[in-house]
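Notes follow once the structure below has been shown.
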Amino acid sequence: MGMIHTHTCTSCGYSEQVSGGPDSGIDIGTDTYACSACQLIQDRTTWVEVRTDYGDYQGEPYIREPRIRCRKCQRKGAMKPWRSGDPCPRCGAPMPIDPKGINVLWD
Ligand SMILES: [Zn+2]
Ligand SMILES: [Zn+2]
């Protein structure tokens with residue numbers, strides 16, 4: 001099960017609801033990235049479980065998405081992993097989990 005936290009910059013106030021690292025639900029995996037072109041923090045899908053109707057299917061259960069694209073600019077090369085505790089991509093100030101923000105459980 002995944003968990004999304006509200007991270008808010010202590011300086012510029014930029015706020016984003018993201019996992020802040022690798023996360024997964026029942027049949028989907030996500031990781032958190034910051035686009036260095038847009039300075040946008042975002043969760044992106046890293047794998048999706050393949051559901052098949054072949055009962056004895058023994059193959060690779062996951063498809064890994066080889067290239068993570070920014071949801072805004074669609075660039076692949078600008079995406080850098082972003083972890084909870086990393087600085088704000090806009091101003092470099094600390095960006096902690098906001099205790100007043102929403103925390104969402106998802107699966
Ligand atoms: Zn900031
Ligand atoms: Zn971008």
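Ordering of the structure tokens sets the chain letters (A, B, ...), residue numbers begin anew at 1 in every chain, and ligands are numbered from 1 in the order given.
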Counting only C-alpha atoms and all ligand atoms, give me one row per residue of chain A with an atom at most 12 Å from an atom of ligand 1, showing the shortest contact pair and its distance in Å to one decimal, sorted by chain then residue number, as a Markdown table.
```
| residue | atom | partner | partner_atom_place_in_ligand_line | distance |
| --- | --- | --- | --- | --- |
| A:His7 | CA | ligand 1 | 1 (Zn) | 10.5 |
| A:Thr8 | CA | ligand 1 | 1 (Zn) | 8.0 |
| A:Cys9 | CA | ligand 1 | 1 (Zn) | 4.6 |
| A:Thr10 | CA | ligand 1 | 1 (Zn) | 6.6 |
| A:Ser11 | CA | ligand 1 | 1 (Zn) | 5.1 |
| A:Cys12 | CA | ligand 1 | 1 (Zn) | 4.1 |
| A:Gly13 | CA | ligand 1 | 1 (Zn) | 5.9 |
| A:Tyr14 | CA | ligand 1 | 1 (Zn) | 5.5 |
| A:Ser15 | CA | ligand 1 | 1 (Zn) | 8.4 |
| A:Glu16 | CA | ligand 1 | 1 (Zn) | 11.0 |
| A:Gln39 | CA | ligand 1 | 1 (Zn) | 9.8 |
| A:Leu40 | CA | ligand 1 | 1 (Zn) | 11.0 |
| A:Ile41 | CA | ligand 1 | 1 (Zn) | 11.4 |
| A:Asp86 | CA | ligand 1 | 1 (Zn) | 11.0 |
| A:Pro87 | CA | ligand 1 | 1 (Zn) | 7.7 |
| A:Cys88 | CA | ligand 1 | 1 (Zn) | 4.6 |
| A:Pro89 | CA | ligand 1 | 1 (Zn) | 6.7 |
| A:Arg90 | CA | ligand 1 | 1 (Zn) | 5.0 |
| A:Cys91 | CA | ligand 1 | 1 (Zn) | 4.2 |
| A:Gly92 | CA | ligand 1 | 1 (Zn) | 5.9 |
| A:Ala93 | CA | ligand 1 | 1 (Zn) | 5.3 |
| A:Pro94 | CA | ligand 1 | 1 (Zn) | 7.4 |
| A:Met95 | CA | ligand 1 | 1 (Zn) | 7.1 |
| A:Pro96 | CA | ligand 1 | 1 (Zn) | 10.7 |
```
Each residue of chain A with at least one atom at most 6 Å from ligand 2 should appear once, together with its nearest atom pair and the corresponding distance in Å (one decimal); atoms considered: only C-alpha atoms and all ligand atoms; ordering: chain, then increasing residue number; output as CSV.
```
residue,atom,partner,partner_atom_place_in_ligand_line,distance
A:Cys35,CA,ligand 2,1 (Zn),4.7
A:Ala37,CA,ligand 2,1 (Zn),5.0
A:Cys38,CA,ligand 2,1 (Zn),4.2
A:Cys70,CA,ligand 2,1 (Zn),4.6
A:Lys72,CA,ligand 2,1 (Zn),5.1
A:Cys73,CA,ligand 2,1 (Zn),4.1
A:Arg75,CA,ligand 2,1 (Zn),5.9
```
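The list of residues with at least one atom within 10 Å of Arg69 of chain A, based on only C-alpha atoms and without residues fewer than 4 positions apart in the same chain, reads Tyr33, Cys35, Arg44, Thr45, Glu65, Cys73, Gln74, Arg75, Lys76, Gly77, Ala78 and Met79 of chain A.
Atom CA of Ile4 of chain A sits 10.8 Å away from atom CA of Ser24 of chain A.
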Checklist entry - What is the distance, in Å and to one decimal place, between atom CA of Lys80 of chain A and atom CA of Ile68 of chain A? => result 9.5 Å
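Nearest to Ile26 of chain A of all the residues A:Asp107, A:Thr6, A:Ser84, A:Pro99 is A:Asp107, counting only C-alpha atoms.
Atom pair atom CA of Gln42 of chain A / atom CA of Asp27 of chain A has a distance of 19.2 Å (rounded to one decimal).
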Next on the checklist: Among segment 2-92 of chain A, which residues does DSSP mark as strand (DSSP E or B) when it is run on the backbone? Keep the chain and numbering as in the structure and answer as a PyMOL selection string.
Outcome noted: chain A and resi 2-8+15-18+23-24+28-35+40-49+62-64+79-81
Export of prior selection with C-alpha atoms as a CSV table (one decimal), in the first residue's frame:
```csv
chain,number,residue,atom,x,y,z
A,2,GLY,CA,1.3,3.4,-0.8
A,3,MET,CA,1.2,6.6,1.2
A,4,ILE,CA,1.2,10.1,-0.1
A,5,HIS,CA,2.3,13.0,2.1
A,6,THR,CA,2.0,16.8,1.6
A,7,HIS,CA,5.6,18.2,1.4
A,8,THR,CA,5.7,22.0,1.8
A,15,SER,CA,3.8,22.3,-1.9
A,16,GLU,CA,3.3,18.9,-3.5
A,17,GLN,CA,1.5,15.7,-2.5
A,18,VAL,CA,3.9,12.9,-3.3
A,23,ASP,CA,6.1,3.3,-3.3
A,24,SER,CA,3.7,0.6,-4.4
A,28,ILE,CA,1.4,-0.6,-9.5
A,29,GLY,CA,4.7,0.9,-8.4
A,30,THR,CA,5.7,4.5,-8.2
A,31,ASP,CA,8.7,6.6,-7.5
A,32,THR,CA,9.1,10.3,-6.8
A,33,TYR,CA,11.0,12.5,-9.2
A,34,ALA,CA,11.8,16.2,-9.6
A,35,CYS,CA,11.9,17.6,-13.1
A,40,LEU,CA,8.0,20.0,-10.5
A,41,ILE,CA,8.0,17.2,-8.0
A,42,GLN,CA,5.8,14.3,-9.1
A,43,ASP,CA,5.1,10.6,-8.5
A,44,ARG,CA,5.6,8.6,-11.7
A,45,THR,CA,4.7,5.0,-12.4
A,46,THR,CA,7.7,2.7,-12.5
A,47,TRP,CA,6.0,-0.6,-13.0
A,48,VAL,CA,2.6,-2.1,-13.6
A,49,GLU,CA,1.8,-5.7,-12.9
A,62,TYR,CA,6.1,-6.7,-14.1
A,63,ILE,CA,6.6,-4.3,-17.0
A,64,ARG,CA,9.1,-1.7,-16.0
A,79,MET,CA,13.9,13.6,-14.2
A,80,LYS,CA,15.9,13.2,-11.0
A,81,PRO,CA,14.8,11.0,-8.1
```
